[in-house]
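Peer 1: Sharing protein08.cif (mmCIF, C-alpha atoms and all ligand atoms) below.
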```cif
data_data
loop_
_atom_site.group_PDB
_atom_site.id
_atom_site.type_symbol
_atom_site.label_atom_id
_atom_site.label_comp_id
_atom_site.auth_asym_id
_atom_site.auth_seq_id
_atom_site.Cartn_x
_atom_site.Cartn_y
_atom_site.Cartn_z
ATOM 1 C CA ALA A 1 44.838 -8.348 -11.125
ATOM 2 C CA THR A 2 47.372 -8.226 -13.912
ATOM 3 C CA ALA A 3 49.032 -5.024 -15.013
ATOM 4 C CA GLY A 4 46.782 -4.454 -17.973
ATOM 5 C CA ALA A 5 43.535 -5.408 -16.283
ATOM 6 C CA VAL A 6 40.662 -3.046 -16.808
ATOM 7 C CA VAL A 7 38.532 -1.666 -14.045
ATOM 8 C CA ALA A 8 34.956 -0.713 -14.769
ATOM 9 C CA VAL A 9 33.336 2.367 -13.331
ATOM 10 C CA ILE A 10 29.672 2.986 -13.820
ATOM 11 C CA SER A 11 29.285 6.681 -14.397
ATOM 12 C CA ASP A 12 26.135 8.414 -13.290
ATOM 13 C CA ASN A 13 26.814 11.587 -15.162
ATOM 14 C CA VAL A 14 24.212 11.258 -17.891
ATOM 15 C CA PRO A 15 21.159 13.343 -17.164
ATOM 16 C CA PRO A 16 17.666 11.917 -17.554
ATOM 17 C CA ALA A 17 16.671 11.764 -21.177
ATOM 18 C CA PRO A 18 13.188 11.731 -22.614
ATOM 19 C CA PHE A 19 12.409 8.110 -23.338
ATOM 20 C CA ARG A 20 11.229 7.107 -26.784
ATOM 21 C CA PRO A 21 7.484 6.576 -27.137
ATOM 22 C CA VAL A 22 6.124 3.255 -26.002
ATOM 23 C CA ILE A 23 3.372 1.444 -27.831
ATOM 24 C CA GLU A 24 0.884 1.275 -24.967
ATOM 25 C CA ASN A 25 -1.315 4.327 -24.687
ATOM 26 C CA ALA A 26 -0.682 5.185 -28.319
ATOM 27 C CA ALA A 27 -3.437 6.953 -30.152
ATOM 28 C CA THR A 28 -3.996 7.666 -33.813
ATOM 29 C CA VAL A 29 -4.437 11.354 -34.398
ATOM 30 C CA PRO A 30 -5.584 13.156 -37.513
ATOM 31 C CA ALA A 31 -3.290 15.114 -39.809
ATOM 32 C CA GLY A 32 -2.122 18.371 -38.306
ATOM 33 C CA PHE A 33 -3.067 17.420 -34.778
ATOM 34 C CA VAL A 34 -0.621 18.221 -32.045
ATOM 35 C CA SER A 35 -1.068 16.247 -28.873
ATOM 36 C CA GLN A 36 -1.786 18.440 -25.864
ATOM 37 C CA GLU A 37 -1.520 15.666 -23.302
ATOM 38 C CA ASP A 38 2.232 15.547 -22.984
ATOM 39 C CA GLY A 39 3.471 18.261 -25.261
ATOM 40 C CA ASP A 40 4.600 15.694 -27.813
ATOM 41 C CA ILE A 41 4.808 17.348 -31.229
ATOM 42 C CA LEU A 42 5.336 14.347 -33.437
ATOM 43 C CA ALA A 43 2.075 13.904 -35.185
ATOM 44 C CA GLY A 44 0.648 14.612 -38.548
ATOM 45 C CA LEU A 45 2.774 17.578 -39.598
ATOM 46 C CA ASP A 46 3.488 16.047 -43.001
ATOM 47 C CA GLY A 47 -0.222 15.896 -43.783
ATOM 48 C CA GLN A 48 -0.464 12.197 -42.946
ATOM 49 C CA SER A 49 -2.187 10.907 -39.890
ATOM 50 C CA ALA A 50 0.302 9.467 -37.470
ATOM 51 C CA THR A 51 0.463 7.415 -34.345
ATOM 52 C CA VAL A 52 1.664 9.373 -31.370
ATOM 53 C CA ASP A 53 2.262 8.254 -27.861
ATOM 54 C CA LEU A 54 0.422 10.142 -25.180
ATOM 55 C CA ARG A 55 2.770 8.943 -22.456
ATOM 56 C CA SER A 56 6.358 10.012 -22.163
ATOM 57 C CA GLU A 57 8.667 9.326 -19.290
ATOM 58 C CA MET A 58 12.054 10.327 -18.011
ATOM 59 C CA THR A 59 14.701 7.726 -17.533
ATOM 60 C CA VAL A 60 18.350 7.710 -16.489
ATOM 61 C CA SER A 61 20.918 6.558 -19.018
ATOM 62 C CA ARG A 62 24.468 5.636 -18.074
ATOM 63 C CA ASN A 63 27.916 5.455 -19.596
ATOM 64 C CA VAL A 64 30.182 2.567 -18.655
ATOM 65 C CA ILE A 65 33.810 3.688 -18.392
ATOM 66 C CA ALA A 66 36.763 1.329 -17.889
ATOM 67 C CA GLN A 67 40.497 2.011 -17.853
ATOM 68 C CA THR A 68 43.653 -0.073 -17.763
ATOM 69 C CA ARG A 69 45.416 -0.103 -14.397
ATOM 70 C CA SER A 70 48.737 0.378 -16.203
ATOM 71 C CA GLY A 71 49.841 3.275 -18.384
ATOM 72 C CA ARG A 72 50.167 7.016 -18.002
ATOM 73 C CA PRO A 73 46.848 8.426 -16.845
ATOM 74 C CA ASP A 74 47.822 11.836 -18.267
ATOM 75 C CA ASN A 75 48.172 10.575 -21.852
ATOM 76 C CA VAL A 76 45.083 8.440 -22.277
ATOM 77 C CA VAL A 77 44.082 6.639 -25.467
ATOM 78 C CA MET A 78 40.290 6.682 -25.280
ATOM 79 C CA LEU A 79 37.981 4.395 -27.257
ATOM 80 C CA GLY A 80 34.218 4.765 -27.463
ATOM 81 C CA ALA A 81 31.168 3.017 -28.862
ATOM 82 C CA HIS A 82 27.527 3.669 -28.123
ATOM 83 C CA LEU A 83 25.742 0.853 -26.367
ATOM 84 C CA ASP A 84 22.166 2.006 -26.947
ATOM 85 C CA SER A 85 20.083 1.416 -30.035
ATOM 86 C CA VAL A 86 16.867 2.805 -31.452
ATOM 87 C CA PRO A 87 13.546 1.277 -30.351
ATOM 88 C CA GLU A 88 12.809 0.229 -33.924
ATOM 89 C CA GLY A 89 15.262 -2.668 -33.850
ATOM 90 C CA PRO A 90 17.857 -4.638 -31.907
ATOM 91 C CA GLY A 91 20.817 -2.562 -33.075
ATOM 92 C CA ILE A 92 23.352 -5.275 -33.808
ATOM 93 C CA ASN A 93 25.355 -3.414 -36.446
ATOM 94 C CA ASP A 94 24.314 -0.049 -34.891
ATOM 95 C CA ASN A 95 25.991 -0.422 -32.501
ATOM 96 C CA GLY A 96 26.554 -3.920 -31.170
ATOM 97 C CA SER A 97 29.423 -4.058 -33.671
ATOM 98 C CA GLY A 98 31.412 -1.216 -32.140
ATOM 99 C CA SER A 99 30.485 -2.190 -28.564
ATOM 100 C CA ALA A 100 31.663 -5.771 -29.107
ATOM 101 C CA ALA A 101 34.908 -4.569 -30.698
ATOM 102 C CA LEU A 102 35.726 -2.489 -27.616
ATOM 103 C CA LEU A 103 34.925 -5.397 -25.326
ATOM 104 C CA GLU A 104 37.208 -7.710 -27.302
ATOM 105 C CA ILE A 105 40.055 -5.176 -27.206
ATOM 106 C CA ALA A 106 39.605 -4.777 -23.439
ATOM 107 C CA LEU A 107 39.621 -8.551 -22.936
ATOM 108 C CA LYS A 108 42.774 -8.948 -25.020
ATOM 109 C CA LEU A 109 44.533 -6.127 -23.134
ATOM 110 C CA GLY A 110 43.502 -7.553 -19.771
ATOM 111 C CA PRO A 111 45.979 -10.444 -19.532
ATOM 112 C CA ASP A 112 48.908 -8.364 -20.857
ATOM 113 C CA ARG A 113 51.159 -8.639 -17.811
ATOM 114 C CA LYS A 114 53.598 -6.088 -19.177
ATOM 115 C CA GLY A 115 50.893 -3.483 -19.238
ATOM 116 C CA VAL A 116 50.748 -0.464 -21.508
ATOM 117 C CA ASN A 117 52.742 2.784 -21.592
ATOM 118 C CA ASN A 118 49.682 4.985 -22.039
ATOM 119 C CA ALA A 119 46.457 4.157 -20.230
ATOM 120 C CA VAL A 120 43.619 2.914 -22.433
ATOM 121 C CA ARG A 121 40.140 4.099 -21.439
ATOM 122 C CA PHE A 122 36.984 2.490 -22.805
ATOM 123 C CA ALA A 123 33.603 4.178 -22.974
ATOM 124 C CA TRP A 124 30.354 2.436 -23.753
ATOM 125 C CA TRP A 125 28.087 5.416 -24.241
ATOM 126 C CA GLY A 126 24.452 5.695 -23.297
ATOM 127 C CA ALA A 127 21.811 7.693 -25.164
ATOM 128 C CA GLU A 128 23.769 8.340 -28.389
ATOM 129 C CA GLU A 129 20.600 7.849 -30.403
ATOM 130 C CA LEU A 130 18.860 10.598 -28.419
ATOM 131 C CA GLY A 131 21.501 13.133 -29.532
ATOM 132 C CA LEU A 132 24.946 12.100 -28.231
ATOM 133 C CA LEU A 133 23.733 12.650 -24.657
ATOM 134 C CA GLY A 134 26.172 10.265 -22.969
ATOM 135 C CA SER A 135 29.327 11.501 -24.682
ATOM 136 C CA GLU A 136 28.208 15.133 -24.331
ATOM 137 C CA ALA A 137 27.660 14.707 -20.595
ATOM 138 C CA TYR A 138 30.976 12.923 -20.196
ATOM 139 C CA VAL A 139 33.085 15.560 -21.969
ATOM 140 C CA ALA A 140 31.210 18.323 -20.146
ATOM 141 C CA SER A 141 31.966 16.584 -16.834
ATOM 142 C CA LEU A 142 35.729 16.904 -17.408
ATOM 143 C CA ASP A 143 37.639 19.988 -16.361
ATOM 144 C CA PHE A 144 40.253 21.407 -18.759
ATOM 145 C CA GLU A 145 43.125 19.434 -17.213
ATOM 146 C CA GLN A 146 41.164 16.203 -17.504
ATOM 147 C CA GLN A 147 40.435 16.987 -21.160
ATOM 148 C CA LEU A 148 44.155 17.572 -21.763
ATOM 149 C CA ASP A 149 44.868 14.142 -20.263
ATOM 150 C CA ILE A 150 43.061 12.520 -23.208
ATOM 151 C CA ALA A 151 45.643 12.128 -25.988
ATOM 152 C CA MET A 152 42.985 11.053 -28.481
ATOM 153 C CA TYR A 153 39.459 9.696 -28.868
ATOM 154 C CA LEU A 154 38.740 6.797 -31.246
ATOM 155 C CA ASN A 155 35.105 6.153 -32.227
ATOM 156 C CA PHE A 156 33.483 2.934 -33.415
ATOM 157 C CA ASP A 157 29.866 3.278 -34.527
ATOM 158 C CA MET A 158 28.679 0.754 -37.182
ATOM 159 C CA ILE A 159 31.753 -1.219 -38.200
ATOM 160 C CA GLY A 160 30.157 -4.361 -39.657
ATOM 161 C CA SER A 161 27.565 -3.074 -42.143
ATOM 162 C CA PRO A 162 26.232 -5.906 -44.341
ATOM 163 C CA ASN A 163 27.083 -4.089 -47.604
ATOM 164 C CA ALA A 164 30.207 -2.629 -46.057
ATOM 165 C CA GLY A 165 32.319 0.307 -47.048
ATOM 166 C CA TYR A 166 35.659 0.955 -45.374
ATOM 167 C CA PHE A 167 35.537 4.507 -44.090
ATOM 168 C CA VAL A 168 38.029 6.252 -41.831
ATOM 169 C CA TYR A 169 37.178 9.625 -40.279
ATOM 170 C CA ASP A 170 38.832 12.303 -42.378
ATOM 171 C CA GLY A 171 41.231 13.921 -39.927
ATOM 172 C CA ASP A 172 43.037 16.024 -42.540
ATOM 173 C CA ASP A 173 39.934 16.889 -44.622
ATOM 174 C CA SER A 174 41.581 15.300 -47.664
ATOM 175 C CA ALA A 175 38.097 14.824 -49.121
ATOM 176 C CA GLY A 176 37.614 18.589 -48.858
ATOM 177 C CA THR A 177 33.872 18.268 -48.483
ATOM 178 C CA GLY A 178 33.416 21.182 -46.128
ATOM 179 C CA ALA A 179 33.245 19.513 -42.719
ATOM 180 C CA GLY A 180 36.846 20.629 -42.173
ATOM 181 C CA PRO A 181 39.722 18.754 -40.576
ATOM 182 C CA GLY A 182 39.680 17.290 -37.083
ATOM 183 C CA PRO A 183 41.727 18.782 -34.243
ATOM 184 C CA PHE A 184 45.527 18.729 -34.662
ATOM 185 C CA GLY A 185 46.668 15.098 -34.532
ATOM 186 C CA SER A 186 43.547 13.720 -36.211
ATOM 187 C CA ALA A 187 45.348 13.411 -39.554
ATOM 188 C CA GLN A 188 47.948 11.171 -37.926
ATOM 189 C CA ILE A 189 45.225 8.966 -36.464
ATOM 190 C CA GLU A 190 43.516 8.679 -39.860
ATOM 191 C CA GLU A 191 46.799 7.612 -41.433
ATOM 192 C CA THR A 192 47.376 4.948 -38.769
ATOM 193 C CA PHE A 193 43.964 3.367 -39.460
ATOM 194 C CA ASN A 194 44.542 3.705 -43.222
ATOM 195 C CA SER A 195 47.918 2.030 -43.073
ATOM 196 C CA TYR A 196 46.545 -0.992 -41.207
ATOM 197 C CA LEU A 197 43.574 -1.405 -43.543
ATOM 198 C CA ARG A 198 45.748 -1.077 -46.661
ATOM 199 C CA ASP A 199 48.844 -2.986 -45.654
ATOM 200 C CA GLN A 200 47.469 -5.640 -43.317
ATOM 201 C CA ALA A 201 43.779 -6.041 -44.167
ATOM 202 C CA GLY A 202 44.222 -5.504 -47.915
ATOM 203 C CA VAL A 203 41.385 -3.011 -48.351
ATOM 204 C CA GLU A 204 41.623 0.539 -49.648
ATOM 205 C CA PRO A 205 39.794 2.853 -47.241
ATOM 206 C CA LEU A 206 38.078 6.133 -48.119
ATOM 207 C CA PRO A 207 37.710 9.170 -45.865
ATOM 208 C CA THR A 208 34.386 10.057 -44.226
ATOM 209 C CA ASP A 209 33.507 13.454 -42.807
ATOM 210 C CA PHE A 210 33.534 14.450 -39.190
ATOM 211 C CA ASP A 211 29.913 15.506 -39.721
ATOM 212 C CA GLY A 212 28.982 15.310 -36.047
ATOM 213 C CA ARG A 213 26.704 12.297 -36.302
ATOM 214 C CA SER A 214 28.403 10.189 -33.642
ATOM 215 C CA ASP A 215 30.070 10.382 -30.227
ATOM 216 C CA TYR A 216 33.337 11.910 -31.442
ATOM 217 C CA GLY A 217 31.393 15.181 -31.813
ATOM 218 C CA PRO A 218 31.853 16.472 -28.245
ATOM 219 C CA PHE A 219 35.532 15.456 -28.321
ATOM 220 C CA ILE A 220 36.410 17.355 -31.504
ATOM 221 C CA ALA A 221 34.391 20.300 -30.205
ATOM 222 C CA ALA A 222 36.750 20.284 -27.195
ATOM 223 C CA GLY A 223 39.800 20.166 -29.483
ATOM 224 C CA ILE A 224 40.713 16.554 -28.662
ATOM 225 C CA PRO A 225 42.333 14.685 -31.597
ATOM 226 C CA ALA A 226 39.951 12.032 -32.892
ATOM 227 C CA GLY A 227 39.484 9.276 -35.417
ATOM 228 C CA GLY A 228 37.631 6.066 -36.003
ATOM 229 C CA LEU A 229 36.022 3.622 -38.375
ATOM 230 C CA PHE A 230 32.631 3.361 -40.084
ATOM 231 C CA THR A 231 31.177 0.932 -42.653
ATOM 232 C CA GLY A 232 28.238 3.044 -43.766
ATOM 233 C CA ALA A 233 24.585 3.525 -42.833
ATOM 234 C CA GLU A 234 21.715 4.651 -45.067
ATOM 235 C CA ASP A 235 23.834 5.999 -47.928
ATOM 236 C CA ILE A 236 23.805 4.070 -51.206
ATOM 237 C CA LYS A 237 26.948 2.240 -52.317
ATOM 238 C CA THR A 238 28.152 3.579 -55.672
ATOM 239 C CA PRO A 239 29.385 1.391 -58.546
ATOM 240 C CA GLU A 240 32.911 2.732 -57.893
ATOM 241 C CA GLU A 241 32.684 1.718 -54.235
ATOM 242 C CA ALA A 242 31.354 -1.746 -55.160
ATOM 243 C CA ALA A 243 34.302 -2.161 -57.556
ATOM 244 C CA LEU A 244 36.684 -1.176 -54.764
ATOM 245 C CA TRP A 245 35.183 -3.196 -51.901
ATOM 246 C CA GLY A 246 32.738 -5.703 -53.370
ATOM 247 C CA GLY A 247 29.129 -5.837 -52.250
ATOM 248 C CA THR A 248 26.163 -4.423 -54.127
ATOM 249 C CA ALA A 249 25.978 -1.036 -55.839
ATOM 250 C CA GLY A 250 22.676 0.808 -55.687
ATOM 251 C CA ILE A 251 21.629 -0.347 -52.229
ATOM 252 C CA ALA A 252 22.485 1.062 -48.811
ATOM 253 C CA PHE A 253 25.634 0.118 -46.919
ATOM 254 C CA ASP A 254 23.182 -1.002 -44.220
ATOM 255 C CA PRO A 255 19.654 -1.566 -45.589
ATOM 256 C CA CYS A 256 18.578 -2.459 -42.026
ATOM 257 C CA TYR A 257 19.838 0.808 -40.529
ATOM 258 C CA HIS A 258 17.536 1.715 -37.610
ATOM 259 C CA ALA A 259 15.195 -1.101 -38.621
ATOM 260 C CA VAL A 260 13.839 -4.281 -37.061
ATOM 261 C CA CYS A 261 16.136 -6.364 -39.262
ATOM 262 C CA ASP A 262 19.345 -5.018 -37.635
ATOM 263 C CA THR A 263 19.835 -8.501 -36.144
ATOM 264 C CA LEU A 264 22.813 -10.859 -35.834
ATOM 265 C CA GLY A 265 22.301 -11.677 -39.517
ATOM 266 C CA ASN A 266 22.868 -8.015 -40.389
ATOM 267 C CA LEU A 267 26.662 -8.123 -40.248
ATOM 268 C CA ASP A 268 29.461 -8.519 -42.736
ATOM 269 C CA ARG A 269 31.689 -10.535 -40.434
ATOM 270 C CA THR A 270 34.707 -10.087 -42.700
ATOM 271 C CA ALA A 271 34.332 -6.317 -42.431
ATOM 272 C CA LEU A 272 33.724 -6.541 -38.679
ATOM 273 C CA GLY A 273 36.851 -8.680 -38.280
ATOM 274 C CA ARG A 274 39.037 -6.340 -40.335
ATOM 275 C CA ASN A 275 37.805 -3.287 -38.479
ATOM 276 C CA LEU A 276 38.228 -4.942 -35.098
ATOM 277 C CA ASP A 277 41.794 -5.803 -36.087
ATOM 278 C CA ALA A 278 42.422 -2.235 -37.266
ATOM 279 C CA ALA A 279 40.967 -0.872 -34.033
ATOM 280 C CA ALA A 280 43.027 -3.226 -31.874
ATOM 281 C CA TRP A 281 46.244 -2.526 -33.795
ATOM 282 C CA THR A 282 45.754 1.228 -33.680
ATOM 283 C CA THR A 283 45.002 1.036 -29.959
ATOM 284 C CA GLY A 284 48.181 -0.975 -29.452
ATOM 285 C CA VAL A 285 50.276 1.479 -31.464
ATOM 286 C CA TYR A 286 49.101 4.464 -29.425
ATOM 287 C CA ALA A 287 49.089 2.632 -26.099
ATOM 288 C CA TYR A 288 52.768 1.998 -26.828
ATOM 289 C CA SER A 289 53.523 5.556 -27.943
ATOM 290 C CA THR A 290 51.566 8.535 -29.157
ATOM 291 C CA ASP A 291 54.767 9.969 -30.686
ATOM 292 C CA THR A 292 54.866 7.600 -33.626
ATOM 293 C CA VAL A 293 52.827 8.089 -36.753
ATOM 294 C CA ASN A 294 52.669 4.613 -38.258
ATOM 295 C CA GLY A 295 54.321 3.407 -35.138
ATOM 296 C CA VAL A 296 55.811 0.230 -33.909
ATOM 297 C CA PRO A 297 53.175 -2.418 -33.291
ATOM 298 C CA PRO A 298 52.657 -3.426 -29.661
ATOM 299 C CA ARG A 299 55.010 -6.022 -28.184
HETATM 300 N N1 LIG B 1 25.560 7.830 -35.343
HETATM 301 C C1 LIG B 1 24.633 7.285 -36.328
HETATM 302 C C2 LIG B 1 23.644 6.402 -35.595
HETATM 303 O O1 LIG B 1 23.944 5.867 -34.564
HETATM 304 C C3 LIG B 1 25.281 6.453 -37.377
HETATM 305 C C4 LIG B 1 26.449 7.118 -38.002
HETATM 306 C C5 LIG B 1 27.721 6.803 -37.565
HETATM 307 C C6 LIG B 1 26.278 8.030 -39.019
HETATM 308 C C7 LIG B 1 28.819 7.427 -38.134
HETATM 309 C C8 LIG B 1 27.367 8.655 -39.598
HETATM 310 C C9 LIG B 1 28.647 8.351 -39.144
HETATM 311 O O2 LIG B 1 22.571 6.214 -36.053
HETATM 312 ZN ZN ZN B 2 21.836 4.709 -34.929
HETATM 313 ZN ZN ZN B 3 25.173 4.445 -34.178
HETATM 314 ZN ZN ZN B 4 41.887 12.296 -44.952
#
```
Could you rewrite the structure in this file as structure tokens?
Peer 2:
Amino acid sequence: ATAGAVVAVISDNVPPAPFRPVIENAATVPAGFVSQEDGDILAGLDGQSATVDLRSEMTVSRNVIAQTRSGRPDNVVMLGAHLDSVPEGPGINDNGSGSAALLEIALKLGPDRKGVNNAVRFAWWGAEELGLLGSEAYVASLDFEQQLDIAMYLNFDMIGSPNAGYFVYDGDDSAGTGAGPGPFGSAQIEETFNSYLRDQAGVEPLPTDFDGRSDYGPFIAAGIPAGGLFTGAEDIKTPEEAALWGGTAGIAFDPCYHAVCDTLGNLDRTALGRNLDAAAWTTGVYAYSTDTVNGVPPR
């Protein structure tokens, strides 16, 4: 294997999660009814009748973790994307987009015979959609020393939305919206993503809150510097944002968010390409050195 080759480790550290309802054995129940059969409390509470599944099951979900053979293992640049999707649709933008970006970065690092200075660790998370279960279990599985070995965590969840915005997690809380800044170092990460998007992709990014809705949550809770990219989900693009980025004001960044139409057609491939490039560049910068702010690009 070459110096930069990645080695995959299947991690078994995600506990069984309740599986989403399946269609077989579904029953229509009247408004206000709470199913006794399996303790499922989904039905009818809004005054509508609803379909509830009488069968639930436990299943095991897994993370897939891979790390470069080269680079300091005590100053790891960690990248993550959730590999699961919701049962309502195929999950191509959410989150095939981020998962594919990580895979492409790993493949491009693989043949780098010179290797990297800092190890790069990839995580394809399981069970994000059930409440960040994979990333929670992973961070909880690390002792304090192992947490300190992670220099930063970079998250990629929805990076090719069809009516894309260009959002970078707001490490310094410059938006001042109340979510607060990320752990020390997160501002530097935000600025590295911003500088690539501005200077090399030609788009002006905006900050988005660390609101806890994706797999960076357990990392920032542990005080690990974090950052990442996001092109928007169910929120509506404003006229100002459409003027800045193009696309259509008044509709969602991703009208197919968590829907059956989140297919291969549900991608802005220009946005996906720019964000992949920003992710790869930022990974290269920090794999080279975590000391630099808008550091030297990789060799
Ligand atoms: N984590 C959300 C999901 O998978 C999407 C999301 C990503 C929302 C980033 C906000 C910020 O559905
Ligand atoms: Zn989702
Ligand atoms: Zn997601
Ligand atoms: Zn900011």
Peer 1: Would you list the contacts of region 185-192 of chain A as a PyMOL selection string, taking every protein, DNA or RNA residue within 9 Å and counting all atoms listed in the file, but skipping same-chain residues closer than 6 positions in sequence?
Peer 2: chain A and resi 152+154+168-173+207+224-228+278+282+285+292-295
Peer 1: For the residues selected in the previous step, produce a file with C-alpha atoms as a PDB file, in the coordinates of the input.
Peer 2:
```pdb
ATOM      1  CA  MET A 152      42.985  11.053 -28.481  1.00  0.00           C
ATOM      2  CA  LEU A 154      38.740   6.797 -31.246  1.00  0.00           C
ATOM      3  CA  VAL A 168      38.029   6.252 -41.831  1.00  0.00           C
ATOM      4  CA  TYR A 169      37.178   9.625 -40.279  1.00  0.00           C
ATOM      5  CA  ASP A 170      38.832  12.303 -42.378  1.00  0.00           C
ATOM      6  CA  GLY A 171      41.231  13.921 -39.927  1.00  0.00           C
ATOM      7  CA  ASP A 172      43.037  16.024 -42.540  1.00  0.00           C
ATOM      8  CA  ASP A 173      39.934  16.889 -44.622  1.00  0.00           C
ATOM      9  CA  PRO A 207      37.710   9.170 -45.865  1.00  0.00           C
ATOM     10  CA  ILE A 224      40.713  16.554 -28.662  1.00  0.00           C
ATOM     11  CA  PRO A 225      42.333  14.685 -31.597  1.00  0.00           C
ATOM     12  CA  ALA A 226      39.951  12.032 -32.892  1.00  0.00           C
ATOM     13  CA  GLY A 227      39.484   9.276 -35.417  1.00  0.00           C
ATOM     14  CA  GLY A 228      37.631   6.066 -36.003  1.00  0.00           C
ATOM     15  CA  ALA A 278      42.422  -2.235 -37.266  1.00  0.00           C
ATOM     16  CA  THR A 282      45.754   1.228 -33.680  1.00  0.00           C
ATOM     17  CA  VAL A 285      50.276   1.479 -31.464  1.00  0.00           C
ATOM     18  CA  THR A 292      54.866   7.600 -33.626  1.00  0.00           C
ATOM     19  CA  VAL A 293      52.827   8.089 -36.753  1.00  0.00           C
ATOM     20  CA  ASN A 294      52.669   4.613 -38.258  1.00  0.00           C
ATOM     21  CA  GLY A 295      54.321   3.407 -35.138  1.00  0.00           C
TER      22      GLY A 295
END
```
Peer 1: Between A:Val203, A:Gly180, A:Asn163, A:Ser214, which one has atoms that come closest to Ala81 (chain A), using only C-alpha atoms?
Peer 2: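 Closest to Ala81 (chain A) of all the choices is A:Ser214.
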Peer 1: Kindly indicate which residue among A:Ala242, A:Tyr216, A:Gly160, A:Leu130 lies nearest to Pro87 (chain A), using all atoms listed in the file for the distances.
Peer 2: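 Of A:Ala242, A:Tyr216, A:Gly160, A:Leu130, the one nearest Pro87 (chain A) is A:Leu130, counting all atoms listed in the file.
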Peer 1: For Ala101 (chain A), which of A:Glu128, A:Glu136, A:Asp277, A:Asp268 is the closest residue, counting all atoms listed in the file?
Peer 2: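 Among the listed residues, the smallest separation from Ala101 (chain A) belongs to A:Asp277.
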Peer 1: Hey, which of A:Leu142, A:Ile150, A:Leu276, A:Val86 ends up closest to ligand ZN 2 (chain B)? Count only C-alpha atoms and all ligand atoms.
Peer 2: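 That would be A:Val86, the residue with the smallest distance to ligand ZN 2 (chain B).
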Peer 1: Find the residue from A:Val64, A:Tyr196, A:Glu241, A:Asn155 that sits nearest to Gly212 (chain A); use only C-alpha atoms when measuring.
Peer 2: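 Once distances to Gly212 (chain A) are computed over only C-alpha atoms, the minimum belongs to A:Asn155.
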Peer 1: On this structure, the PyMOL selection byres (((not hetatm)) within 7 of (chain B and resi 1)) would catch which residues? List them as an MDAnalysis selection string, sorted by chain and number.
Peer 2: chainID A and resid 94:95 128:129 157:158 213:214 230 233 258
Peer 1: Could you please determine the separation between CA of Asn63 (chain A) and CA of Ala287 (chain A) in Å, to one decimal place?
Peer 2: 22.3 Å
Peer 1: What does the distance between CA of Arg269 (chain A) and CA of Ser161 (chain A) come to in Å, to one decimal place?
Peer 2: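 A separation of 8.7 Å between them.
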Peer 1: Can you tell me which residues surround region 113-123 of chain A at a distance of at most 7 Å, considering all atoms listed in the file, apart from same-chain residues fewer than 2 positions away, and format the answer as a list in words?
Peer 2: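 Close residues of region 113-123 of chain A: Thr2, Ala3, Gly4, Asn63, Val64, Ile65, Ala66, Gln67, Thr68, Ser70, Gly71, Arg72, Pro73, Asn75, Val76, Val77, Met78, Leu79, Gly80, Ala81, Pro111, Trp125, Ala287, Tyr288 and Ser289 of chain A.
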Peer 1: Output as a short mmCIF file (atom, residue, chain, number, x, y, z; two decimals), in the coordinates of the input: region 255-266 of chain A, completed with N, CA and C atoms.
Peer 2:
```
data_model
loop_
_atom_site.label_atom_id
_atom_site.label_comp_id
_atom_site.auth_asym_id
_atom_site.auth_seq_id
_atom_site.Cartn_x
_atom_site.Cartn_y
_atom_site.Cartn_z
N PRO A 255 21.10 -1.70 -45.30
CA PRO A 255 19.65 -1.57 -45.59
C PRO A 255 18.78 -1.74 -44.34
N CYS A 256 19.34 -2.27 -43.27
CA CYS A 256 18.58 -2.46 -42.03
C CYS A 256 18.90 -1.39 -40.98
N TYR A 257 19.51 -0.29 -41.44
CA TYR A 257 19.84 0.81 -40.53
C TYR A 257 18.59 1.28 -39.79
N HIS A 258 18.65 1.28 -38.46
CA HIS A 258 17.54 1.72 -37.61
C HIS A 258 16.24 0.96 -37.90
N ALA A 259 16.37 -0.31 -38.29
CA ALA A 259 15.20 -1.10 -38.62
C ALA A 259 15.19 -2.40 -37.82
N VAL A 260 14.04 -3.06 -37.84
CA VAL A 260 13.84 -4.28 -37.06
C VAL A 260 14.78 -5.39 -37.51
N CYS A 261 15.26 -5.30 -38.74
CA CYS A 261 16.14 -6.36 -39.26
C CYS A 261 17.61 -6.15 -38.93
N ASP A 262 17.94 -5.18 -38.05
CA ASP A 262 19.34 -5.02 -37.64
C ASP A 262 19.67 -6.07 -36.57
N THR A 263 19.66 -7.33 -37.01
CA THR A 263 19.84 -8.50 -36.14
C THR A 263 21.24 -9.07 -36.32
N LEU A 264 21.50 -10.21 -35.69
CA LEU A 264 22.81 -10.86 -35.83
C LEU A 264 23.11 -11.24 -37.27
N GLY A 265 22.06 -11.40 -38.10
CA GLY A 265 22.30 -11.68 -39.52
C GLY A 265 22.73 -10.46 -40.30
N ASN A 266 22.61 -9.27 -39.68
CA ASN A 266 22.87 -8.02 -40.39
C ASN A 266 24.31 -7.55 -40.21
#
```
